[in-house]
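Undergrad: Let me begin by handing over the structure; questions about it come next.
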Amino acid sequence: MELKVYRYRGGEYQELGVLSPRATLAGLQETSEYRIACPEGQARLFVDDGPLERDGSGIYWCWSPGYYAGEVMFELEWPHRSEPLRYVADIEPASHKTGREQYVEYLAQIVDYAPDLVLGTEPAQHGLGGASGSELSLWLRYARLRQFIDRYQRGLQLIIERPIIRTRSRREQLALPQVRRIDGTTMRQLAQSPQMMAALSDESVAPSDVHEQRLDVPFHEPTFDNPANRLITRQLGEVRRLTKRLIYDLIDFTEQVSETVTELTPRLPRRLEYLRRAERQFTRLSRRAPFSEVSTRQSSAAELNAVSGNPHYSMTRRLGVRLLRQGLSALADDEQHYLAPTWEIYEAWCFVALAQQLETQFPDYDWRLRQNPRAADRALMGRRGEQSITLYSQLVCPSMERTNAYGYSSISRERRPDLVLEFGDSKGKRFICLDSKYSASKARILDAMASAHIYRDSLRQDGQPPERSFILVPTSRAVSLLADEGYQACNGVGCVAMSSEEEAEHLLARLLN
């Protein structure tokens, strides 16, 4: 089934295309208004688990993507269908920002340097994968589970249908009349015991004497308790615990609502329902053979070898590893994860681009990237003797001249500039404020210049104001006067274009001079 999509502007409808299960709908932009035609019947449409409302006529669903870009999942539910129909739409950055190709370059550069900076909670997703030592966020774990859980459960079902069975050998002491099978060990025991040989060959021996004789005999029986089943059972237990932990995390989740971030609360009920259904399915599978009949108390190197020799076991194990692995480290084609808002992606890229330029241009400095230092989200700190350079991200400057750990304060209310670039030597410290604004339109840039003035007038470091206060934008062509270096030197504020590594290099060279 296909759903027609319209751009809605000023009461008019412009048809853009259709949502189809067979293809991705492209050409949509963030912060635009759309209408999606409703089919007949009691269908419900969800965007990333959030329900859409119908308009007053009841024939269209209303949808407006927020400040995000990437692929968005739609699911159409019908009362008579067990599984929803799934659609994908590709959202581009707004027209007053950079294009999609530039946006993807931002993502790639951030992921190479600090992959956790791209992660967020927006409905838009992008191809990210790999593993790293970074801590998993709640939504990264959820997205991974959602993408691989169906295939993982199918793999478990195939193992149940065709389990690996091994023969287990053991020995027991049995009375002679109960013996049905003997081997070399049994024969050696008989040869060393004339009484047993006599009992077997002499018909005159009383039955009670025969029953008193015990013989060591072999037993061979099929069993599920083998290395391959132990590994998969142990992994299944870990996936069940992960699912339960996600349920508890979502139940305890509290949200801070923001105008620039898509609200999560409407999406939580459906996600909780999905996770509870998955946990029940894992419980049912774990109670069936072979998983219910193995011991997982001990692991061995033989487990990996045993699994690798069976395609069903090997596939299931690999999917389980994907579900459980930590972090991410690269762009990928086989995994999708939730992104931060577009403005936050640009802010993160500005930090990464300047950080990489600092490390490149000053290789003789001892550089350290600190995650969540005091009074900032992160900081790149470099030192060479008495000289130091520090790049802060989201530096917290307390109000009313109460200084933070690095000597910064605000003479008015608390301020948090996106970036602060600090230079230190034997004479003291100097700093420059940089506030990223992901926009290229004249009106938005002029409006955003307010932050440059605020930071110039309010921030202090050991009593000294910033030497410059700039906003960073993808392009400054619309406000060329604000980008003029003479104007900036005269007024101490301005606008700087930064959308490539070359522009980041040029900006840093200017600031250093």
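We name chains A, B, ... following the order of the structure tokens; residues begin at 1 in each chain, and ligands are numbered from 1 as shown.
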Could you tell me, as an mmCIF file with N, CA, C and O atoms, in the first residue's frame, which residues of segment 436-470 of chain A DSSP assigns to alpha helix (DSSP H) when given the backbone?

TA:
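Printed below is out.cif as written:
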```cif
data_model
loop_
_atom_site.group_PDB
_atom_site.id
_atom_site.type_symbol
_atom_site.label_atom_id
_atom_site.label_comp_id
_atom_site.auth_asym_id
_atom_site.auth_seq_id
_atom_site.Cartn_x
_atom_site.Cartn_y
_atom_site.Cartn_z
ATOM 1 N N LYS A 442 20.247 35.508 5.793
ATOM 2 C CA LYS A 442 20.628 36.799 6.367
ATOM 3 C C LYS A 442 19.855 37.088 7.640
ATOM 4 O O LYS A 442 20.441 37.491 8.665
ATOM 5 N N ALA A 443 18.549 36.868 7.619
ATOM 6 C CA ALA A 443 17.725 37.197 8.784
ATOM 7 C C ALA A 443 18.133 36.365 9.998
ATOM 8 O O ALA A 443 18.234 36.882 11.118
ATOM 9 N N ARG A 444 18.393 35.079 9.790
ATOM 10 C CA ARG A 444 18.753 34.205 10.907
ATOM 11 C C ARG A 444 20.142 34.546 11.441
ATOM 12 O O ARG A 444 20.397 34.471 12.641
ATOM 13 N N ILE A 445 21.072 34.899 10.554
ATOM 14 C CA ILE A 445 22.419 35.247 11.003
ATOM 15 C C ILE A 445 22.382 36.539 11.810
ATOM 16 O O ILE A 445 23.020 36.647 12.876
ATOM 17 N N LEU A 446 21.652 37.545 11.317
ATOM 18 C CA LEU A 446 21.553 38.804 12.055
ATOM 19 C C LEU A 446 20.923 38.586 13.425
ATOM 20 O O LEU A 446 21.355 39.183 14.419
ATOM 21 N N ASP A 447 19.928 37.736 13.478
ATOM 22 C CA ASP A 447 19.307 37.439 14.760
ATOM 23 C C ASP A 447 20.282 36.710 15.683
ATOM 24 O O ASP A 447 20.329 36.972 16.892
ATOM 25 N N ALA A 448 21.079 35.785 15.105
ATOM 26 C CA ALA A 448 22.023 35.004 15.910
ATOM 27 C C ALA A 448 23.182 35.844 16.424
ATOM 28 O O ALA A 448 23.840 35.461 17.404
ATOM 29 N N MET A 449 23.451 36.995 15.795
ATOM 30 C CA MET A 449 24.551 37.843 16.254
ATOM 31 C C MET A 449 24.345 38.332 17.683
ATOM 32 O O MET A 449 25.295 38.770 18.341
ATOM 33 N N ALA A 450 23.131 38.254 18.179
ATOM 34 C CA ALA A 450 22.870 38.675 19.563
ATOM 35 C C ALA A 450 23.758 37.913 20.535
ATOM 36 O O ALA A 450 24.244 38.485 21.527
ATOM 37 N N SER A 451 23.991 36.606 20.265
ATOM 38 C CA SER A 451 24.812 35.816 21.188
ATOM 39 C C SER A 451 26.258 36.300 21.190
ATOM 40 O O SER A 451 26.927 36.299 22.237
ATOM 41 N N ALA A 452 26.772 36.741 20.032
ATOM 42 C CA ALA A 452 28.148 37.253 19.988
ATOM 43 C C ALA A 452 28.287 38.487 20.867
ATOM 44 O O ALA A 452 29.281 38.655 21.590
ATOM 45 N N HIS A 453 27.294 39.381 20.814
ATOM 46 C CA HIS A 453 27.334 40.576 21.650
ATOM 47 C C HIS A 453 27.206 40.223 23.131
ATOM 48 O O HIS A 453 27.902 40.800 23.984
ATOM 49 N N ILE A 454 26.324 39.283 23.438
ATOM 50 C CA ILE A 454 26.119 38.902 24.843
ATOM 51 C C ILE A 454 27.390 38.326 25.438
ATOM 52 O O ILE A 454 27.803 38.696 26.543
ATOM 53 N N TYR A 455 28.038 37.414 24.710
ATOM 54 C CA TYR A 455 29.249 36.799 25.244
ATOM 55 C C TYR A 455 30.395 37.818 25.354
ATOM 56 O O TYR A 455 31.181 37.778 26.308
ATOM 57 N N ARG A 456 30.490 38.720 24.392
ATOM 58 C CA ARG A 456 31.551 39.739 24.458
ATOM 59 C C ARG A 456 31.378 40.626 25.689
ATOM 60 O O ARG A 456 32.350 40.982 26.365
ATOM 61 N N ASP A 457 30.130 40.963 25.987
ATOM 62 C CA ASP A 457 29.880 41.909 27.079
ATOM 63 C C ASP A 457 29.836 41.253 28.452
ATOM 64 O O ASP A 457 30.116 41.925 29.452
ATOM 65 N N SER A 458 29.484 39.950 28.522
ATOM 66 C CA SER A 458 29.224 39.364 29.842
ATOM 67 C C SER A 458 30.318 38.436 30.351
ATOM 68 O O SER A 458 30.471 38.277 31.568
#
```

Undergrad: Please identify every residue of segment 277-395 of chain A that has at least one atom no farther than 10 Å from an atom of segment 110-121 of chain A, counting only C-alpha atoms, and for each give the shortest atom pair and the distance in Å to one decimal, arranged by chain then increasing number, as a tab-separated table.

TA:
```
residue	atom	partner	partner_atom	distance
A:Gly327	CA	A:Asp116	CA	8.0
A:Leu328	CA	A:Pro115	CA	6.6
A:Ser329	CA	A:Pro115	CA	6.0
A:Ala330	CA	A:Val111	CA	5.8
A:Leu331	CA	A:Val111	CA	7.2
A:His337	CA	A:Leu119	CA	7.4
A:Tyr338	CA	A:Thr121	CA	5.5
A:Leu339	CA	A:Gly120	CA	4.5
A:Ala340	CA	A:Gly120	CA	3.9
A:Pro341	CA	A:Gly120	CA	7.3
A:Thr342	CA	A:Val118	CA	9.5
A:Glu344	CA	A:Val118	CA	8.1
A:Ile345	CA	A:Val118	CA	6.1
A:Tyr346	CA	A:Val118	CA	9.6
A:Glu347	CA	A:Leu117	CA	9.5
A:Ala348	CA	A:Leu117	CA	6.3
A:Trp349	CA	A:Ile110	CA	5.8
A:Cys350	CA	A:Ile110	CA	9.3
A:Phe351	CA	A:Ile110	CA	9.0
A:Val352	CA	A:Ile110	CA	6.2
A:Ala353	CA	A:Ile110	CA	8.3
A:Ala355	CA	A:Tyr113	CA	9.2
A:Gln356	CA	A:Tyr113	CA	8.3
A:Leu369	CA	A:Ala114	CA	9.8
A:Gln371	CA	A:Ala114	CA	10.0
```

Undergrad: Counting only C-alpha atoms, which residues of segment 230-308 of chain A fall within 7 Å of segment 317-326 of chain A, and what is the closest atom pair for each with its distance in Å at one decimal, ordered by chain and rising number, as CSV?

TA:
```
residue,atom,partner,partner_atom,distance
A:Ile232,CA,A:Arg317,CA,6.5
A:Gln235,CA,A:Gly320,CA,6.7
A:Val239,CA,A:Leu324,CA,7.0
```

Undergrad: Might you pull out every residue within 12 Å of Leu158 of chain A, with only C-alpha atoms counted and same-chain residues fewer than 2 positions away left off, and present them as a list in words?

TA: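 The residues that qualify are Arg151, Tyr152, Gln153, Arg154, Gly155, Leu156, Ile160, Glu161, Arg162, Pro163, Ile164, Leu285, Ala289, Pro290, Asn310, Pro311, His312, Tyr313, Ser314, Met315 and Thr316 of chain A.
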
Undergrad: Dump C-alpha atoms for the selected residues as a PDB file, in the first residue's frame?

TA:
```pdb
ATOM      1  CA  ARG A 151      16.715 -11.985  12.801  1.00  0.00           C
ATOM      2  CA  TYR A 152      18.233 -13.051  16.102  1.00  0.00           C
ATOM      3  CA  GLN A 153      14.963 -14.658  17.225  1.00  0.00           C
ATOM      4  CA  ARG A 154      14.621 -16.439  13.876  1.00  0.00           C
ATOM      5  CA  GLY A 155      18.134 -17.792  14.352  1.00  0.00           C
ATOM      6  CA  LEU A 156      17.210 -19.081  17.818  1.00  0.00           C
ATOM      7  CA  ILE A 160      15.496 -25.162  18.331  1.00  0.00           C
ATOM      8  CA  GLU A 161      14.319 -26.950  15.190  1.00  0.00           C
ATOM      9  CA  ARG A 162      17.775 -28.345  14.333  1.00  0.00           C
ATOM     10  CA  PRO A 163      19.896 -28.400  17.478  1.00  0.00           C
ATOM     11  CA  ILE A 164      23.384 -29.801  17.697  1.00  0.00           C
ATOM     12  CA  LEU A 285      12.653 -19.503  23.680  1.00  0.00           C
ATOM     13  CA  ALA A 289      15.442 -27.369  24.283  1.00  0.00           C
ATOM     14  CA  PRO A 290      18.343 -27.138  23.736  1.00  0.00           C
ATOM     15  CA  ASN A 310      27.268 -24.763  11.920  1.00  0.00           C
ATOM     16  CA  PRO A 311      25.701 -22.002   9.736  1.00  0.00           C
ATOM     17  CA  HIS A 312      22.611 -21.483  11.950  1.00  0.00           C
ATOM     18  CA  TYR A 313      24.628 -21.279  15.132  1.00  0.00           C
ATOM     19  CA  SER A 314      27.266 -19.048  13.554  1.00  0.00           C
ATOM     20  CA  MET A 315      24.689 -16.597  12.154  1.00  0.00           C
ATOM     21  CA  THR A 316      22.804 -16.414  15.463  1.00  0.00           C
TER      22      THR A 316
END
```

Undergrad: With distances taken over only C-alpha atoms, which residue among A:Gly58, A:Ser132, A:Ser426, A:Arg416 lies nearest Arg384 of chain A?

TA: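 Using only C-alpha atoms, Arg384 of chain A sits closest to A:Ser426.
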
Undergrad: What gap, in Å, lies between atom CA of Ile432 of chain A and atom CA of Pro465 of chain A?

TA: 8.9 Å

Undergrad: Would you compute the distance between atom CA of Pro227 of chain A and atom CA of Ala302 of chain A? Give it in Å to one decimal.

TA: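 Separating atom CA of Pro227 of chain A from atom CA of Ala302 of chain A is a distance of 6.3 Å.
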
Undergrad: Skip Glu467 of chain A itself and residues of its chain fewer than 5 positions away, then list as a list in words all residues within 10 Å of it, counting only C-alpha atoms.

TA: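 Here the qualifying residues turn out to be Arg430, Phe431, Ile432, Cys433, Arg456, Ala489, Gly492, Val493 and Leu511 of chain A.
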
Undergrad: Export, as a PDB file, in the first residue's frame, the selected residues with N, CA and C atoms.

TA:
```
ATOM      1  N   ARG A 430      44.356  34.528  27.399  1.00  0.00           N
ATOM      2  CA  ARG A 430      43.453  35.274  26.533  1.00  0.00           C
ATOM      3  C   ARG A 430      42.464  34.270  25.960  1.00  0.00           C
ATOM      4  N   PHE A 431      41.267  34.730  25.630  1.00  0.00           N
ATOM      5  CA  PHE A 431      40.292  33.779  25.084  1.00  0.00           C
ATOM      6  C   PHE A 431      39.385  34.441  24.059  1.00  0.00           C
ATOM      7  N   ILE A 432      38.804  33.599  23.211  1.00  0.00           N
ATOM      8  CA  ILE A 432      37.893  34.012  22.141  1.00  0.00           C
ATOM      9  C   ILE A 432      36.644  33.145  22.230  1.00  0.00           C
ATOM     10  N   CYS A 433      35.465  33.746  22.108  1.00  0.00           N
ATOM     11  CA  CYS A 433      34.193  33.018  22.127  1.00  0.00           C
ATOM     12  C   CYS A 433      33.755  32.719  20.698  1.00  0.00           C
ATOM     13  N   ARG A 456      30.490  38.720  24.392  1.00  0.00           N
ATOM     14  CA  ARG A 456      31.551  39.739  24.458  1.00  0.00           C
ATOM     15  C   ARG A 456      31.378  40.626  25.689  1.00  0.00           C
ATOM     16  N   ALA A 489      37.838  43.562  13.584  1.00  0.00           N
ATOM     17  CA  ALA A 489      38.890  44.126  14.414  1.00  0.00           C
ATOM     18  C   ALA A 489      38.428  45.409  15.093  1.00  0.00           C
ATOM     19  N   GLY A 492      35.068  43.977  17.445  1.00  0.00           N
ATOM     20  CA  GLY A 492      35.257  42.852  18.357  1.00  0.00           C
ATOM     21  C   GLY A 492      34.255  41.733  18.197  1.00  0.00           C
ATOM     22  N   VAL A 493      33.328  41.867  17.267  1.00  0.00           N
ATOM     23  CA  VAL A 493      32.335  40.823  16.998  1.00  0.00           C
ATOM     24  C   VAL A 493      32.254  40.625  15.494  1.00  0.00           C
ATOM     25  N   LEU A 511      42.956  33.415  14.266  1.00  0.00           N
ATOM     26  CA  LEU A 511      42.837  33.562  15.712  1.00  0.00           C
ATOM     27  C   LEU A 511      44.199  33.512  16.385  1.00  0.00           C
TER      28      LEU A 511
END
```

Undergrad: Here is a test: counting only C-alpha atoms, which residue of A:Leu264, A:Ala440, A:Leu128, A:Leu434 is nearest to Lys97 of chain A?

TA: A:Ala440

Undergrad: From segment 250-378 of chain A, collect each residue whose DSSP state is strand (DSSP E) and return the set as a PyMOL selection string.

TA: chain A and resi 330-338+366-371+378

Undergrad: Choose the residue, out of A:Asp150, A:Asp462, A:Asp364, A:Glu386, that has the smallest atom-to-atom separation from Ile411 of chain A; count only C-alpha atoms.

TA: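 Closest residue, counting only C-alpha atoms: A:Asp462.
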
Undergrad: Mind pulling up the distance from atom CA of Tyr487 of chain A to atom CA of Leu395 of chain A?

TA: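 Pair atom CA of Leu395 of chain A / atom CA of Tyr487 of chain A returns 26.8 Å.
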